[in-house]
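*Asks:* Quick one: the structure is below, and I'll ask about it shortly.
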Protein chains: 4
Amino acid sequence: MNKNRKMWGGAFTSVPNDLAWSFGQSFRNDLALFDQEIAISIAHAKMLGMCRVIPAAESRRIVSALKAIKPSDLDPASEDIHAAVESALREKVGDAAGKLHTARSRNDQIATATRLWTRAASKRTQARIKKLQSVILALAAKHSDVPMPGYTHQQRAQPITLGYHLLAHFWPLQRDGVRFEQLSEACDSCPLGSGALSGTPFPIDRKLTASELGFSRISPSALDAVSDRDFVGDALHAIATAMQHLARISQELILWSGAEFGFVKLSDAFSTGSSIMPQKRNPDSCELIRGRVGKTVGAWVAFQTMMKALPFAYNRDQQEDKAALFECFKLLDDALELTANILRTAKFHTSKMRAEAGKGFSTATTLADQLAAGGMPFRQAHEIVGKLVLYCEQYGIEISEVPAEHLRKIHSCLDANMLKSTDVMASIASRDSEGGVGPKAFRTQIAKAKALHTKQGFLQNG
Amino acid sequence: MNKNRKMWGGAFTSVPNDLAWSFGQSFRNDLALFDQEIAISIAHAKMLGMCRVIPAAESRRIVSALKAIKPSDLDPASEDIHAAVESALREKVGDAAGKLHTARSRNDQIATATRLWTRAASKRTQARIKKLQSVILALAAKHSDVPMPGYTHQQRAQPITLGYHLLAHFWPLQRDGVRFEQLSEACDSCPLGSGALSGTPFPIDRKLTASELGFSRISPSALDAVSDRDFVGDALHAIATAMQHLARISQELILWSGAEFGFVKLSDAFSTGSSIMPQKRNPDSCELIRGRVGKTVGAWVAFQTMMKALPFAYNRDQQEDKAALFECFKLLDDALELTANILRTAKFHTSKMRAEAGKGFSTATTLADQLAAGGMPFRQAHEIVGKLVLYCEQYGIEISEVPAEHLRKIHSCLDANMLKSTDVMASIASRDSEGGVGPKAFRTQIAKAKALHTKQGFLQNG
Amino acid sequence: MNKNRKMWGGAFTSVPNDLAWSFGQSFRNDLALFDQEIAISIAHAKMLGMCRVIPAAESRRIVSALKAIKPSDLDPASEDIHAAVESALREKVGDAAGKLHTARSRNDQIATATRLWTRAASKRTQARIKKLQSVILALAAKHSDVPMPGYTHQQRAQPITLGYHLLAHFWPLQRDGVRFEQLSEACDSCPLGSGALSGTPFPIDRKLTASELGFSRISPSALDAVSDRDFVGDALHAIATAMQHLARISQELILWSGAEFGFVKLSDAFSTGSSIMPQKRNPDSCELIRGRVGKTVGAWVAFQTMMKALPFAYNRDQQEDKAALFECFKLLDDALELTANILRTAKFHTSKMRAEAGKGFSTATTLADQLAAGGMPFRQAHEIVGKLVLYCEQYGIEISEVPAEHLRKIHSCLDANMLKSTDVMASIASRDSEGGVGPKAFRTQIAKAKALHTKQGFLQNG
Amino acid sequence: MNKNRKMWGGAFTSVPNDLAWSFGQSFRNDLALFDQEIAISIAHAKMLGMCRVIPAAESRRIVSALKAIKPSDLDPASEDIHAAVESALREKVGDAAGKLHTARSRNDQIATATRLWTRAASKRTQARIKKLQSVILALAAKHSDVPMPGYTHQQRAQPITLGYHLLAHFWPLQRDGVRFEQLSEACDSCPLGSGALSGTPFPIDRKLTASELGFSRISPSALDAVSDRDFVGDALHAIATAMQHLARISQELILWSGAEFGFVKLSDAFSTGSSIMPQKRNPDSCELIRGRVGKTVGAWVAFQTMMKALPFAYNRDQQEDKAALFECFKLLDDALELTANILRTAKFHTSKMRAEAGKGFSTATTLADQLAAGGMPFRQAHEIVGKLVLYCEQYGIEISEVPAEHLRKIHSCLDANMLKSTDVMASIASRDSEGGVGPKAFRTQIAKAKALHTKQGFLQNG
């Protein structure tokens with residue numbers, strides 16, 4: 001415990017209570033901000049020198065010393081990372097260390113460090129998204145001709161292709177990319193120099209530090225700048241939304257790898273066994289991804305509940321924003337990487353998919369569409385095909401097996417020739433409107449996706 | 001109950017259970033989508049005619065009839081708005097109504113209608129934000145010279161001005177504006193023509209309907225298009241974040257209007273009384289805004305919990321997204337309007353603020369800054385002023401009242417002349433770094449805010 | 001709008017703003033409390049008469065008049081139900097109506113009314129739980145001998161019986177019942193007579209009103225009594241937990257009714273069709289129950305966010321607690337009823353279950369258990385059977401099909417005789433430990449469940 | 001990394017992927033369950049010996065070896081604590097270790113361990129609650145005669161006493177105690193022996209292990225027993241609710257310690273300073289407690305989102321329940337301890353409270369009550385006193401300062417003699433109904449609280 005190296009205390013008559021100290025200590029979490037903290041201090045020290053707030057020589061000494069500080073130099077018993085860095089600096093440059101805190105406050109420091117960290121994390125996440133998209137594009141291209149059942153309401157609806165299904169996962173990730181780009185942009189404003197809440201009397205140059213740290217803008221109001229955690233909320237929302245997309249993939253793989261679907265076998269490398277059932281192969285990685293969407297949703301809620309009705313400027317409650325932010329970004333990055341690897345190494349049972357694609361009257365819509373194309377109101381065509389399906393269910397047969405004479409009994413418009421449209425591949429081929437499962441539409445869609453994917457960054461498109 | 005006018009049922013052998021029907025009925029909520037539903041049907045019917053999917057004459061008849069439908073024509077016992085409109089249409093054009101559903105599905109219809117609605121709502125909200133910002137700008141300009149205590153940790157920290165404090169509320173709203181602009185952009189992709197999940201075999205022109213409805217893009221994947229509710233989550237996040245900003249203003253006004261602060265008197269028009277205490281004047285509107293941030297946070301959670309692990313394409317669970325979306329937009333719009341009016345009609349007790357601004361050693365930092373400006377390390381200056389404060393607390397006096405001879409006893413660097421910096425207006429004037437409370441910095445900040453405010457739309461800036 | 005019939009205003013110089021009024025108006029939601037409001041007023045008026053706070057004759061007049069008020073007598077433009085009832089009373093008894101508010105406040109009234117309502121709602125819900133449990137018990141008994149695959153990690157694990165599976169749903173509902181009983185007990189304390197926050201100077205008898213309203217206790221602190229909404233949080237937690245249990249049943253039925261599982265066919269009465277796919281039969285009621293667990297989780301969050309950091313006594317924020325409470329109870333009650341009916345009318349495809357029960361090496365554990373029973377460490381037995389499974393997978397055969405000579409090659413301890421344990425019915429019969437799937441254990445379990453079910457109320461047991 | 005000491009793998013052909021392994025590794029969190037894990041294994045081994053499932057001598061050897069295992073013996077690279085303990089055991093007793101897993105599964109083990117842990121944690125928390133209640137009772141008794149303003153809507157309402165205010169905090173804690181008692185009871189059912197999902201073929205005696213571990217009951221259904229995490233949700237709800245009560249105390253202390261209220265000075269031991277403002281004394285511990293209510297609300301949400309639509313039996317998602325459970329219990333326990341110490345060491349500025357108690361027309365209700373006691377309808381009395389208040393506001397005087405001749409102008413019923421009731425102490429003394437602030441009511445209340453507090457356990461009472 002290092003309660004005596006705190007950055008304040010002149011007006012205090014007793015030392016902090018032990019439990020209060022440990023309850024509030026944030027050093028371990030803050031350590032994630034080490035790089036940012038050092039960079040900020042260097043930029044600030046340089047600027048203080050250039051603006052002659054402190055002598056140029058002292059500025060140089062402080063900057064050199066800061067560059068030499070390593071995480072292991074910091075005292076883990078420090079109150080927070082700011083105190084730890086200042087202490088480490090003091091050991092190198094003596095009392096001059098005390099000059100570094102001229103014209104700044106922990107309030108603007110922590111806001112700046114958290115923005116820098118979030119911007120960098122957001123970049124990393126964008127790269128992971130691109131990587132998972134690559135895997136999806138490759139798999140979609142590979143499986144473009146494999147028919148499988150398509151579902152609505154989790155019930156078989158119309159036959160689609162595996163390639164088409166997989167490619168649909170590209171677009172939510174694209175939107176995730178956009179969200180993280182917008183997050184980077186939201187973070188791109190530098191609070192440094194805002195002081196505690198009202199600026200500083202020293203003749204500082206905020207644009208200089210902002211530029212040194214790679215920010216495009218400086219925050220316009222010091223009071224708002226030290227209060228604002230909107231970007232943390234935005235980050236947690238973007239993370240939770242992306243985790244939902246990964247959880248959907250996971251849920252799909254969990255079901256598809258079960259005996260009932262039998263559509264996929266996950267690699268042993270991403271499965272685990274049972275301590276008691278020797279035959280089990282559990283999709284644990286997928287289950288963990290699915291379950292941890294909860295953590296990210298909970299993190300957003302924890303943040304919002306904490307912020308509710310907080311007044312302007314820094315309040316200690318806000319310390320709570322960071323641990324969850326760090327943890328959730330790590331979680332999402334791991335989940336993106338895992339999902340890419342799980343998909344890449346999965347073995348799709350395409351013959352099973354093919355065999356199932358046409359079962360369960362999945363091409364009934366195509367038959368109704370054909371009647372409508374002949375001029376019958378679609379609502380009536382729907383009704384007639386519905387009766388045909390009911391007939392088949394009663395006899396336990398597929399539509400293609402209905403005897404010609406019975407067809408006409410169901411409705412005079414039906415004849416055996418029409419049933420050709422109920423062939424799976426014909427049905428798939430026919431749905432060739434833009435965005436559809438048909439071959440031309442699919443080629444257009446995947447070309448569009450590939451083109452977007454090779455671009456730097458992300459664009460709205462879905 | 002109108003269970004027989006449902007849009008399906010050919011293959012069904014029994015009617016819906018009453019409770020199941022009422023449990024699932026969404027007509028009342030859907031009614032908010034009336035305009036969108038009609039516009040979509042008109043655009044679709046026109047396109048079907050132009051692409052010769054249905055005869056041009058029928059297309060024209062359907063379009064005319066659709067234009068004539070009024071909300072009151074719809075049967076409130078309908079399953080949903082789609083069924084209601086089709087029924088109303090049937091009464092006008094007979095069986096031709098059945099042709100309207102060619103090449104579309106309720107799945108792409110509802111996705112399209114919800115996007116149209118959200119885009120329009122987002123525009124309305126942006127206008128409300130601008131309006132509240134106007135009020136804030138006017139008040140900030142008016143009160144630019146009124147000193148008041150500034151707070152961190154809800155404790156008095158440094159003197160600021162009321163104008164500076166109020167102006168800080170401009171920037172969170174600016175970020176809200178950006179968020180709603182991004183939402184509009186996210187909604188600007190048309191799912192119509194996606195069918196149930198895989199497109200349609202009819203030779204439709206999706207760009208035509210998209211353009212007719214004012215969309216810039218068509219959705220690239222039919223499967224993703226009918227599944228995607230990301231924009232609903234984005235909307236709820238943007239709403240909750242904006243409500244947090246309004247709740248902060250409300251919390252401020254609730255405290256400020258209390259006897260302890262005494263900084264403001266809310267208009268009777270926005271207060272209520274007590275049924276039992278005749279003297280009470282309760283800031284009910286502010287309390288309701290503060291409390292209802294909960295509803296918007298809860299709505300985001302409800303949405304995320306509902307979406308968790310849902311498979312692709314439409315699932316009935318998704319019906320749950322709309323009621324909360326409609327309600328939360330209305331809530332935010334009302335809260336924006338109310339906040340504008342409450343602020344505009346509030347009476348700020350500026351003399352009370354002025355009287356309190358310098359109390360509680362609020363200018364101690366300025367004194368420490370002055371010592372640091374003289375070359376002393378800030379950390380040491382902080383320590384010395386801390387001891388001075390402790391001395392004052394023990395004797396119950398302000399810093400300016402410390403006898404000169406005692407000053408030197410506390411530290412040799414202190415002299416009576418320095419205490420001038422502890423004057424409130426001098427302290428405020430000194431903190432003139434960019435974004436600070438000083439007069440030049442304030443003029444720059446408000447000019448920047450006004451310039452942004454006159455622009456159409458919103459830009460990142462904080 | 002009836003802003004002039006408010007219950008306060010002597011000290012006010014302007015009328016409420018229209019938007020503020022409508023923003024705060026709670027009459028429509030409060031109407032759910034009509035019975036409670038009247039009962040409370042009657043009890044209070046009687047007590048005021050008996051304690052001679054008001055003349056006995058006036059007490060009797062007020063009581064008679066209150067008994068005659070019907071919901072339709074209330075002015076829907078009233079601020080809240082308290083104002084509406086007082087107005088309606090005034091029309092019947094004139095100025096004497098003004099005496100009813102002696103020694104009470106809206107703060108203690110609303111706390112009392114909400115507790116009364118919640119206690120009654122909790123009773124209703126308990127009855128619905130019992131009803132659903134009946135259906136489950138009957139189905140479990142009926143299907144006690146039907147083998148089916150049992151799952152862990154959503155993968156086939158060990159064969160169980162349908163009866164055993166269904167009976168497992170009894171116990172979570174039993175815990176729900178306990179939770180609602182505890183809720184009733186938590187509500188059973190009467191705040192009436194607490195006044196606004198500090199009691200009243202009138203010589204009232206709180207035990208009298210409490211007893212008249214059927215409460216067992218009076219709240220010990222007036223200040224806590226008007227502040228406390230713990231029971232609302234408890235109710236929302238109990239509701240969300242119960243909804244999770246129903247959502248699990250729904251999720252099960254959605255998957256089981258799909259072509260892949262094929263374990264159940266839901267009645268047409270609880271399914272809906274597709275507007276476009278004639279063959280579809282969607283489990284919409286189940287999907288809605290599953291999706292609406294989100295609403296209840298969101299309602300708890302909305303409540304907690306609203307309560308966060310609220311000070312003692314009534315704050316207007318708390319108005320937000322009721323609409324969600326009413327809605328969520330209704331939702332749960334409907335979902336309990338629906339689930340009972342869906343299960344009762346579902347057709348279980350027992351032959352499909354039977355056919356699938358033994359597939360996928362589901363009895364491998366039983367084989368390992370047998371080896372362990374012979375003295376081999378279980379861990380080693382698990383390893384050996386794991387290798388046997390791997391062998392079978394490579395050859396695409398079931399364990400029972402492994403040639404005897406190959407068995408010994410895998411491990412010397414294996415012989416063909418042992419494979420008898422891999423028979424499904426033998427495996428099920430063997431797991432007869434308490435709580436297990438075996439026949440004796442099942443009979444014990446269902447007997448225990450039935451015994452609990454016939455008791456009034458619920459007891460902890462799982 | 002110790003991927004080869006996993007408890008399964010016979011049927012696996014490749015080792016786990018590194019990221020998948022680390023993503024799923026739970027050892028570090030599980031370590032909190034060390035005591036429970038060992039106790040369970042000992043109980044299980046004893047029972048296996050007594051039931052002759054394994055030889056008595058082996059049972060004894062295993063039990064002795066288990067007793068000797070220390071946390072430091074466990075390999076931190078283990079998959080989970082179950083694997084780690086089995087490995088450590090193997091080093092002591094060789095292959096016999098493999099026999100310990102006979103007739104059990106990780107599924108029933110983890111359910112049992114988590115219940116044991118939660119029951120113990122709940123006991124600890126109950127003790128902390130009692131401790132905080134002691135502090136409150138002592139302070140309430142000490143300050144029973146100190147008048148202070150009472151608030152509704154955060155506005156001054158009626159004068160109360162500090163003792164009365166503090167004592168109100170006793171009751172929410174009492175309800176928290178009840179909630180944790182109910183949690184203990186909910187945990188008191190032993191799942192051990194449930195196996196993976198369907199029991200075991202070994203002749204085990206579940207009541208024996210349950211009793212050895214101090215459980216009152218065994219879980220009735222093995223399938224429900226391994227699935228059920230209701231008690232985790234109950235724990236998180238109880239924790240969040242208790243944190244709300246502590247956050248309310250913290251919010252109170254934060255405001256009261258500010259210059260505006262000036263009602264309390266927190267000990268330096270529970271305050272921190274500012275790195276920049278020498279005079280600051282920030283109530284950081286209170287802010288952290290207030291902010292961390294968010295973490296507990298988020299944890300409940302994370303749990304519910306994770307559980308949503310999970311099927312029966314163990315799913316790996318459920319691993320997510322424990323880290324938050326452990327963390328939230330620790331958080332609440334620390335917050336209870338801190339709050340007790342903060343309150344105990346706080347200095348209440350009773351003279352400031354006394355000076356403020358009667359300001360702001362806080363006794364106006366008492367005047368209206370007096371008019372009503374004279375037979376005037378309360379509603380009319382309210383109206384008259386409202387006008388009197390308006391008069392006073394216009395002239396900037398207190399009610400007691402209104403000249404007698406003006407009184408009669410406001411209403412003929414008013415005379416100077418009546419104004420005696422507006423004396424603060426008289427007003428307080430008059431509100432002596434049960435639960436009220438009056439002296440007799442207060443003595444009754446505190447006596448009741450003390451009596452409950454000395455009882456073991458908690459009882460419903462508010």
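Each chain in the structure tokens gets a letter, A, B, ..., in the order shown, and its residues are numbered from 1; ligands are numbered from 1 in order too.
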Identify, on the basis of only C-alpha atoms, every residue whose closest approach to C:Cys413 does not exceed 9 Å; exclude the query and any residue fewer than 4 positions from it along the same chain; express the result as a ChimeraX atom specification.
*Replies:* /C:371,407-408
*Asks:* Dump C-alpha atoms for the selected residues as an mmCIF file, in the first residue's frame?
*Replies:*
```
data_model
loop_
_atom_site.group_PDB
_atom_site.id
_atom_site.type_symbol
_atom_site.label_atom_id
_atom_site.label_comp_id
_atom_site.auth_asym_id
_atom_site.auth_seq_id
_atom_site.Cartn_x
_atom_site.Cartn_y
_atom_site.Cartn_z
ATOM 1 C CA LEU C 371 -16.376 -50.773 -16.770
ATOM 2 C CA LEU C 407 -13.441 -54.852 -29.547
ATOM 3 C CA ARG C 408 -10.519 -56.607 -27.927
#
```
*Asks:* May I have a table of the residues of chain C lying at most 6 Å from chain B, giving each one's closest pair of atoms and their distance in Å to one decimal, counting only C-alpha atoms, ordered by chain and ascending residue number, as a Markdown table?
*Replies:*
```
| residue | atom | partner | partner_atom | distance |
| --- | --- | --- | --- | --- |
| C:Met7 | CA | B:Ser275 | CA | 5.1 |
| C:Trp8 | CA | B:Gly273 | CA | 5.3 |
| C:Ser14 | CA | B:Asp268 | CA | 5.8 |
| C:Val15 | CA | B:Ala269 | CA | 5.6 |
| C:Pro16 | CA | B:Ala269 | CA | 4.1 |
| C:Asn17 | CA | B:Ala269 | CA | 4.8 |
| C:Ser105 | CA | B:Ile276 | CA | 5.8 |
| C:Asp268 | CA | B:Ser14 | CA | 5.7 |
| C:Ala269 | CA | B:Pro16 | CA | 4.0 |
| C:Gly273 | CA | B:Trp8 | CA | 5.3 |
| C:Ser274 | CA | B:Trp8 | CA | 5.8 |
| C:Ser275 | CA | B:Met7 | CA | 5.1 |
| C:Ile276 | CA | B:Ser105 | CA | 5.8 |
| C:Asp284 | CA | B:Arg316 | CA | 5.8 |
| C:Glu287 | CA | B:Asp317 | CA | 5.2 |
| C:Leu288 | CA | B:Asp317 | CA | 4.9 |
| C:Gly291 | CA | B:Asp317 | CA | 4.2 |
| C:Gly294 | CA | B:Ala302 | CA | 4.1 |
| C:Lys295 | CA | B:Ala302 | CA | 4.8 |
| C:Gly298 | CA | B:Gly298 | CA | 4.1 |
| C:Ala299 | CA | B:Gly298 | CA | 5.8 |
| C:Val301 | CA | B:Gly298 | CA | 5.1 |
| C:Ala302 | CA | B:Gly294 | CA | 4.1 |
| C:Thr305 | CA | B:Gly294 | CA | 4.8 |
| C:Met306 | CA | B:Gly291 | CA | 4.7 |
| C:Arg316 | CA | B:Glu287 | CA | 5.5 |
| C:Asp317 | CA | B:Gly291 | CA | 4.2 |
```
*Asks:* Just the residues within 10 Å of stretch 253-257 of chain B, please, counting only C-alpha atoms, with nothing from its chain fewer than 2 positions along; format it as a VMD selection string.
*Replies:* (chain B and resid 247 to 251 259 to 266 281 to 287 290 342 to 343 346 to 349) or (chain D and resid 153 to 155 255 260)
*Asks:* Can you write just those residues out, C-alpha atoms, as an mmCIF file, in the first residue's frame?
*Replies:*
```
data_model
loop_
_atom_site.group_PDB
_atom_site.id
_atom_site.type_symbol
_atom_site.label_atom_id
_atom_site.label_comp_id
_atom_site.auth_asym_id
_atom_site.auth_seq_id
_atom_site.Cartn_x
_atom_site.Cartn_y
_atom_site.Cartn_z
ATOM 1 C CA ALA B 247 -31.629 13.786 -17.282
ATOM 2 C CA ARG B 248 -28.406 15.535 -16.307
ATOM 3 C CA ILE B 249 -30.001 18.906 -17.012
ATOM 4 C CA SER B 250 -33.064 17.836 -15.048
ATOM 5 C CA GLN B 251 -31.048 16.617 -12.089
ATOM 6 C CA ALA B 259 -33.624 25.683 -0.928
ATOM 7 C CA GLU B 260 -30.006 24.558 -0.438
ATOM 8 C CA PHE B 261 -28.732 25.682 -3.825
ATOM 9 C CA GLY B 262 -31.361 28.310 -4.525
ATOM 10 C CA PHE B 263 -29.899 28.919 -7.987
ATOM 11 C CA VAL B 264 -33.111 28.769 -9.996
ATOM 12 C CA LYS B 265 -36.876 29.007 -9.782
ATOM 13 C CA LEU B 266 -38.777 26.930 -12.311
ATOM 14 C CA ARG B 281 -43.490 23.474 -5.673
ATOM 15 C CA ASN B 282 -42.201 20.245 -7.125
ATOM 16 C CA PRO B 283 -40.054 20.065 -10.262
ATOM 17 C CA ASP B 284 -42.173 17.208 -11.599
ATOM 18 C CA SER B 285 -41.381 17.611 -15.282
ATOM 19 C CA CYS B 286 -37.679 17.391 -14.479
ATOM 20 C CA GLU B 287 -38.223 14.386 -12.237
ATOM 21 C CA ARG B 290 -34.844 11.985 -15.096
ATOM 22 C CA ILE B 342 -38.334 24.683 -18.812
ATOM 23 C CA LEU B 343 -34.959 26.342 -19.399
ATOM 24 C CA ALA B 346 -36.668 29.372 -15.611
ATOM 25 C CA LYS B 347 -35.569 32.301 -13.473
ATOM 26 C CA PHE B 348 -31.902 32.034 -12.527
ATOM 27 C CA HIS B 349 -31.074 33.573 -9.159
ATOM 28 C CA HIS D 153 -39.352 15.540 -4.577
ATOM 29 C CA GLN D 154 -35.927 16.604 -3.245
ATOM 30 C CA GLN D 155 -37.625 19.799 -2.023
ATOM 31 C CA LEU D 255 -25.059 16.070 -1.243
ATOM 32 C CA GLU D 260 -24.961 23.908 -0.141
#
```
*Asks:* For atom CA of D:Gln126 and atom CA of D:Gly457, quote the distance in Å rounded to one decimal.
*Replies:* 7.8 Å
*Asks:* What are the DSSP strand (DSSP E or B) residues of stretch 253-308 of chain A, as a list in words?
*Replies:*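 Here are the strand (DSSP E or B) residues of stretch 253-308 of chain A: Val264, Lys265, Thr272 and Asn282 of chain A.
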*Asks:* Determine the nearest neighbour of D:Arg52 from the options D:Pro203, D:Gly375, D:Gly233, D:Pro403, counting only C-alpha atoms.
*Replies:*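 Distance minimum relative to D:Arg52 lands on D:Pro203.
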*Asks:* For atom CA of A:Asp73 and atom CA of A:Lys46, quote the distance in Å rounded to one decimal.
*Replies:*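 One can read the atom CA of A:Asp73 to atom CA of A:Lys46 distance as 21.9 Å.
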*Asks:* What lies within 10 Å of A:Leu414 using only C-alpha atoms, ignoring chain neighbours under 3 positions off, as an NGL selection string?
*Replies:* :A and (367 or 371 or 384-385 or 388 or 404-411 or 417-419)
